[in-house]
Amino acid sequence: MSNVSIGLKRTKDKSMKKNHVGKWTKKHLLGIEELTPEEINLILDQAEGFKEILRRAIPKVPTLRGKTIVNLFCENSTRTKSSFELAAKRLSADTLNVSAETSSFSKGETLRDTARNIEAMKIDMIIMRHGCAGAPHFLTKCVDAAVINAGDGAHEHPTQALLDAFTIREKAGSIKGLKVSIIGDIAHSRVARSNIWALTKLEAEVTVCGPKTLMPAEIEKMGVKVTYSLEDALKDADVANVLRIQLERQKTSFFPSIREYVNTFGISSEILKKYAKKDLIIMHPGPINLGVELNQDVADSEYSVILDQVTNGMAVRMAVLFLLSQVKKGSK
Amino acid sequence: MSILIKNGLVIDPANKLEKQVDLLIENGKISKIGTGIKKKAKKEIDARGKIVAPGFVDMHTHLREPGREDSETILTGMKAAVSGGFTTITAMPNTEPACDGQSQVRFLLERAKEIGLSNLLPIGTITKARKGKELSEMGELKNAGCLAVSDDGSSVEETSLMRRALEYSSMLDLLIISHCEDKALASDGVMREGYISTVLGLRPIPSEAESIIVERDVQLAENSGAKLHIAHISAAKSIEIVKEAKKRGVKITAEVTPHHIALTDEAVRTFDTNTKVNPPLATKKDVKALREALKNGTIDAIATDHAPHPGNEKEKEFDHAPFGMIGLESALSVLVETLVDGKILTWTELIEKLTINPCRILKYDRGTLSEGAVADVVLIDPKKEWVYSKDVIKSKSKNSPFIGKTMKSKVTNVIIAGKLIAEGL
């Protein structure tokens, strides 16, 4: 049995290289904005192969053996950090987790110094989550290692958008022409921005919905429709990607109360029955504020693909780590 | 010492002069302008192919001394000024301590005299320690040599205090330079609100954060008859307000920086912290309005807002870096490329906004080449190409998004009060 699976793995790995590696040239993955539709599809196709590997009895391949990957997390994260770490381990890379709480940031060391010190330990890749937009772009100027953006402020969260696209493609067959609504705090959401880029590049029709106070300026120029009505956003939608509402936004009066938010934009099974198509796909990047943007019964319903997103996240991140690792050192 | 500058294209906007003539400097003054001056001078400069203009006057310079000598000193600031053709600079009062009394003013003037490079005009604060709580002793500041007062770096938040500041200053005929920013509205924003801030996910500063305070200060100045100057104007809405106020006869003037004229918020896309300035780089629509306002005279002057910050402070995440960029040494080339080559202003109009106009606003007796005037003169090689690199920058800080850019046109000779301060620049 195990011999068979090793044989399978080898042929699979070879075919992956033959089909895709030649087309990937970017050293870093900083955002979706700068990717072509071909590059996005390349990652998604690659991820399919890795999803197959994840289904095996021993879901591990030696692809990145000898590579060292650092998870530099300067902002809290459970899902993304675990997902990247496990993805790296499934590819046999050595991983190191550095988080802001335990690093020297608290001693006043700058990001530049921290990154350069980490790099001096001879590492290959840095996966960074940071509260400031553009921090990974700054990081690329400080170090030679490849940089993967695991979320920078309200800017981008490319692997989230890729795993969302992967999940939509898996469930609906194709993304082109689908109606996707992104609902919630658009202004402060990197998930919204990366999703908008990915989905519009793959020719979905994207609508954003949320309180006007949480809608950033001129967002329609990104190629999306804007609505302030949940009914509009849900009616005819094939996919609803529901964003987490950060409860502290209420303190700065972006909306009057959680209660009013729930009444206006909260998604319950009653609302879905009233407005949504039967085959609507509900997504959420997590963690969910249950009873706020999404009710428990919706999260657990057949509409929901939230746990598939988590599984697919692993496959997509494996694909990203793999593709970036094939780019020659010293390239831009 | 006498200097004869021969065959240059002399541009003196105050006298509407633009002509190839000779210029003779004797005893620190312009003694003669005309063709074929025969008089023997100690030093003769052949200015063929060059422009001869009054020395530039920067009405918005941050020198950081006292307090932050790691970013700039009066000496390094003056060297940068000379290198960029500014024969007069100001010292904005947001130093540590702030320039809010005669002892600080005297320190600045004394240091300037010791250094003996460019002229230095200290600007006092509007409020004590620039804290926005009590008026500073404007009478004393004026007597000590301040031509204007400003709390630059922030607005005087309390409207009642700003009203009194304008009333009091108008009694003294002292100019108030207003940094217009509604702090609550700008909040913790780091760039101008618009499509680019949305794409980048950087916290936005709406343009009304400026224009609301411009409107407030215009109304207050109109009421008291005070002289109000709007610093680093950056929004189309603010320009409309200034334009209308001028029509009504309000004593209002405005300046714009070279970077707000040359760059848009697009420049922030690289997350280069040198593009983080306050007010933030404006949207395309705003920049278009700024250029038009320079042309039609709504904006009177160009000022650098030279704001040095050391490398370690700018080499940070965009959110954490301080606001500001240096500008003394890049100003002319950036302006020539954007405005003269961009067919928005003529050379004469550009020089006017760098010389006589700021002097008129400040009531400062320079900025012209009239016979008998103090001889602050620069020679410009309009065709000279050079690279604006960290190595050539005289300022102690190198925080500029223009670093590495090939520049066209350069000030080559600087004469201050008849003394040849620099040549072959």
# chains A, B, ... in the order shown; residues from 1 in each chain; ligands from 1
>>> select_by_dssp(residues="region 68-290 of chain A", states="strand (DSSP E)", output="VMD selection string")
chain A and resid 68 to 73 94 to 99 125 to 130 146 to 152 179 to 183 205 to 209 225 to 227 239 to 242 281 to 283
>>> write_last_selection(atoms="N, CA and C atoms", output="compact mmCIF listing (two decimals), in the first residue's frame")
# COMPACT_ATOMS: atom_id res chain seq x y z
N THR A 68 14.20 26.37 4.90
CA THR A 68 13.75 26.87 6.20
C THR A 68 12.78 28.02 5.98
N ILE A 69 11.64 27.88 6.58
CA ILE A 69 10.57 28.88 6.39
C ILE A 69 10.21 29.48 7.75
N VAL A 70 10.20 30.81 7.80
CA VAL A 70 9.91 31.50 9.06
C VAL A 70 8.50 32.08 9.00
N ASN A 71 7.74 31.80 10.01
CA ASN A 71 6.42 32.41 10.20
C ASN A 71 6.62 33.61 11.12
N LEU A 72 6.64 34.80 10.55
CA LEU A 72 6.85 36.00 11.39
C LEU A 72 5.49 36.67 11.59
N PHE A 73 4.90 36.43 12.72
CA PHE A 73 3.54 36.94 12.96
C PHE A 73 3.56 38.08 13.97
N ASP A 94 11.70 22.98 7.14
CA ASP A 94 11.84 23.28 8.56
C ASP A 94 11.16 24.61 8.82
N THR A 95 10.44 24.69 9.92
CA THR A 95 9.70 25.92 10.19
C THR A 95 10.10 26.52 11.52
N LEU A 96 10.02 27.83 11.56
CA LEU A 96 10.30 28.55 12.79
C LEU A 96 9.20 29.58 12.97
N ASN A 97 8.61 29.60 14.14
CA ASN A 97 7.56 30.58 14.40
C ASN A 97 8.10 31.71 15.26
N VAL A 98 7.95 32.93 14.78
CA VAL A 98 8.33 34.09 15.57
C VAL A 98 7.09 34.95 15.71
N SER A 99 6.66 35.21 16.94
CA SER A 99 5.49 36.06 17.06
C SER A 99 5.84 37.34 17.81
N MET A 125 12.60 31.67 3.38
CA MET A 125 11.35 32.36 3.13
C MET A 125 10.81 32.95 4.42
N ILE A 126 10.19 34.10 4.33
CA ILE A 126 9.52 34.66 5.50
C ILE A 126 8.05 34.86 5.16
N ILE A 127 7.21 34.27 5.99
CA ILE A 127 5.77 34.49 5.86
C ILE A 127 5.42 35.51 6.93
N MET A 128 4.90 36.65 6.53
CA MET A 128 4.65 37.67 7.55
C MET A 128 3.21 38.12 7.61
N ARG A 129 2.72 38.21 8.85
CA ARG A 129 1.44 38.86 9.16
C ARG A 129 1.82 40.12 9.93
N HIS A 130 1.25 41.26 9.52
CA HIS A 130 1.60 42.51 10.18
C HIS A 130 0.41 43.45 10.18
N ALA A 146 12.62 35.25 0.20
CA ALA A 146 11.31 35.45 -0.40
C ALA A 146 10.31 35.80 0.70
N VAL A 147 9.38 36.68 0.37
CA VAL A 147 8.41 37.13 1.37
C VAL A 147 7.00 36.77 0.91
N ILE A 148 6.25 36.19 1.83
CA ILE A 148 4.84 35.91 1.57
C ILE A 148 4.01 36.75 2.53
N ASN A 149 3.09 37.49 1.98
CA ASN A 149 2.23 38.33 2.79
C ASN A 149 1.09 37.47 3.36
N ALA A 150 1.06 37.36 4.68
CA ALA A 150 -0.02 36.60 5.32
C ALA A 150 -1.04 37.56 5.92
N GLY A 151 -1.12 38.76 5.33
CA GLY A 151 -2.07 39.77 5.80
C GLY A 151 -1.32 40.99 6.29
N ASP A 152 -1.50 42.15 5.60
CA ASP A 152 -0.85 43.39 6.05
C ASP A 152 -1.90 44.48 6.24
N LYS A 179 -21.92 35.54 -9.44
CA LYS A 179 -22.21 36.75 -8.68
C LYS A 179 -21.75 36.53 -7.24
N VAL A 180 -20.75 37.29 -6.85
CA VAL A 180 -20.19 37.13 -5.51
C VAL A 180 -20.40 38.42 -4.72
N SER A 181 -21.00 38.30 -3.54
CA SER A 181 -21.17 39.48 -2.68
C SER A 181 -20.24 39.36 -1.48
N ILE A 182 -19.55 40.46 -1.20
CA ILE A 182 -18.69 40.51 -0.02
C ILE A 182 -19.39 41.45 0.96
N ILE A 183 -19.67 40.94 2.15
CA ILE A 183 -20.56 41.67 3.05
C ILE A 183 -19.87 41.95 4.38
N GLU A 205 -18.73 38.65 -11.06
CA GLU A 205 -19.36 39.96 -10.82
C GLU A 205 -19.40 40.16 -9.32
N VAL A 206 -18.64 41.15 -8.85
CA VAL A 206 -18.48 41.32 -7.41
C VAL A 206 -19.29 42.51 -6.91
N THR A 207 -20.02 42.28 -5.82
CA THR A 207 -20.75 43.35 -5.15
C THR A 207 -20.21 43.45 -3.73
N VAL A 208 -20.02 44.67 -3.25
CA VAL A 208 -19.66 44.82 -1.84
C VAL A 208 -20.82 45.46 -1.11
N CYS A 209 -21.03 45.02 0.12
CA CYS A 209 -22.19 45.47 0.89
C CYS A 209 -21.78 45.67 2.33
N LYS A 225 -19.64 46.51 -7.68
CA LYS A 225 -20.86 47.26 -7.40
C LYS A 225 -20.95 47.49 -5.91
N VAL A 226 -21.55 48.60 -5.51
CA VAL A 226 -21.67 48.89 -4.09
C VAL A 226 -23.15 48.91 -3.73
N THR A 227 -23.50 48.24 -2.65
CA THR A 227 -24.88 48.35 -2.16
C THR A 227 -24.87 48.45 -0.63
N VAL A 239 -22.53 33.48 -4.40
CA VAL A 239 -21.65 33.34 -3.25
C VAL A 239 -21.80 34.57 -2.35
N ALA A 240 -21.88 34.35 -1.05
CA ALA A 240 -21.82 35.47 -0.10
C ALA A 240 -20.60 35.23 0.80
N ASN A 241 -19.63 36.13 0.69
CA ASN A 241 -18.45 36.03 1.54
C ASN A 241 -18.66 37.04 2.67
N VAL A 242 -18.87 36.53 3.86
CA VAL A 242 -19.26 37.38 4.99
C VAL A 242 -18.02 37.69 5.83
N ILE A 281 -23.69 29.89 -1.80
CA ILE A 281 -22.54 29.41 -1.03
C ILE A 281 -22.17 30.50 -0.01
N ILE A 282 -22.13 30.12 1.28
CA ILE A 282 -21.76 31.09 2.31
C ILE A 282 -20.32 30.83 2.75
N MET A 283 -19.52 31.92 2.71
CA MET A 283 -18.12 31.79 3.12
C MET A 283 -17.84 32.79 4.24
>>> interface_residues(of="chain B", to="chain A", cutoff="6 Å", atoms="only C-alpha atoms", output="VMD selection string")
chain B and resid 194 to 195 198 200 to 201 271 317
>>> residues_around(residues="Thr283 (chain B)", least_positions_apart="3", cutoff="6 Å", atoms="only C-alpha atoms", output="compact mmCIF listing (two decimals) with C-alpha atoms, in the first residue's frame")
# COMPACT_ATOMS: atom_id res chain seq x y z
CA THR B 264 0.11 62.58 -6.63
CA ASP B 265 -1.05 59.95 -4.16
CA ASP B 286 -6.32 68.14 -6.48
>>> select_by_dssp(residues="region 141-286 of chain A", states="helix (DSSP H, G or I)", output="JSON, numbers by chain")
{"A": [141, 142, 158, 159, 160, 161, 162, 163, 164, 165, 166, 167, 168, 169, 170, 171, 172, 190, 191, 192, 193, 194, 195, 196, 197, 198, 199, 200, 201, 212, 213, 214, 219, 220, 221, 222, 230, 231, 232, 233, 234, 247, 248, 249, 250, 251, 252, 258, 259, 260, 261, 262, 263, 264, 265, 269, 270, 271, 272, 273, 274, 275]}
>>> residues_around(residues="Glu385 (chain B)", least_positions_apart="3", cutoff="10 Å", atoms="only C-alpha atoms", output="PyMOL selection string")
chain B and resi 333+381-382+388+406-410
>>> write_last_selection(atoms="N, CA and C atoms", output="PDB file, in the first residue's frame")
ATOM      1  N   SER B 333      14.744  71.834  -9.603  1.00  0.00           N
ATOM      2  CA  SER B 333      14.666  70.881 -10.713  1.00  0.00           C
ATOM      3  C   SER B 333      13.277  70.274 -10.822  1.00  0.00           C
ATOM      4  N   ASP B 381      21.793  77.103 -14.348  1.00  0.00           N
ATOM      5  CA  ASP B 381      22.050  76.464 -15.638  1.00  0.00           C
ATOM      6  C   ASP B 381      20.815  75.627 -15.969  1.00  0.00           C
ATOM      7  N   PRO B 382      19.968  76.129 -16.868  1.00  0.00           N
ATOM      8  CA  PRO B 382      18.675  75.449 -17.090  1.00  0.00           C
ATOM      9  C   PRO B 382      18.823  74.115 -17.810  1.00  0.00           C
ATOM     10  N   TYR B 388      20.225  63.379  -8.476  1.00  0.00           N
ATOM     11  CA  TYR B 388      19.942  63.724  -7.080  1.00  0.00           C
ATOM     12  C   TYR B 388      20.178  62.469  -6.240  1.00  0.00           C
ATOM     13  N   THR B 406      17.250  61.584 -12.170  1.00  0.00           N
ATOM     14  CA  THR B 406      18.063  62.495 -12.974  1.00  0.00           C
ATOM     15  C   THR B 406      17.308  63.812 -13.093  1.00  0.00           C
ATOM     16  N   MET B 407      17.979  64.859 -12.655  1.00  0.00           N
ATOM     17  CA  MET B 407      17.342  66.173 -12.598  1.00  0.00           C
ATOM     18  C   MET B 407      17.838  67.044 -13.743  1.00  0.00           C
ATOM     19  N   LYS B 408      17.001  67.994 -14.144  1.00  0.00           N
ATOM     20  CA  LYS B 408      17.428  68.967 -15.141  1.00  0.00           C
ATOM     21  C   LYS B 408      17.359  70.355 -14.520  1.00  0.00           C
ATOM     22  N   SER B 409      18.375  71.142 -14.800  1.00  0.00           N
ATOM     23  CA  SER B 409      18.543  72.506 -14.316  1.00  0.00           C
ATOM     24  C   SER B 409      19.054  72.523 -12.880  1.00  0.00           C
ATOM     25  N   LYS B 410      20.002  73.437 -12.664  1.00  0.00           N
ATOM     26  CA  LYS B 410      20.682  73.469 -11.372  1.00  0.00           C
ATOM     27  C   LYS B 410      21.185  74.876 -11.113  1.00  0.00           C
TER      28      LYS B 410
END
>>> residues_around(residues="region 68-73 of chain B", least_positions_apart="6", cutoff="12 Å", atoms="only C-alpha atoms", output="PyMOL selection string")
chain B and resi 61-62+79-81+91+94-98+108+111-112+115+306-314+324-326+394-399
>>> closest_residue(among="A:Glu39, A:Asp144, A:Asp185, A:Glu34", to="Glu248 (chain A)", atoms="only C-alpha atoms")
A:Asp185
>>> residues_around(residues="region 102-104 of chain B", least_positions_apart="6", cutoff="7 Å", atoms="only C-alpha atoms", output="list in words")
Glu140, Leu141 and Ala144 of chain B
>>> atom_distance(atom1="CA of Val191 (chain A)", atom2="CA of Glu270 (chain A)")
26.3 Å
>>> residues_around(residues="Lys273 (chain A)", least_positions_apart="4", cutoff="12 Å", atoms="only C-alpha atoms", output="list in words")
Glu231, Leu234, Lys235, Ile267, Ser268, Ser269, Lys277, Lys278, Asp279, Leu280, Val298 and Tyr303 of chain A
>>> atom_distance(atom1="CA of Glu423 (chain B)", atom2="CA of Gly84 (chain B)")
12.0 Å
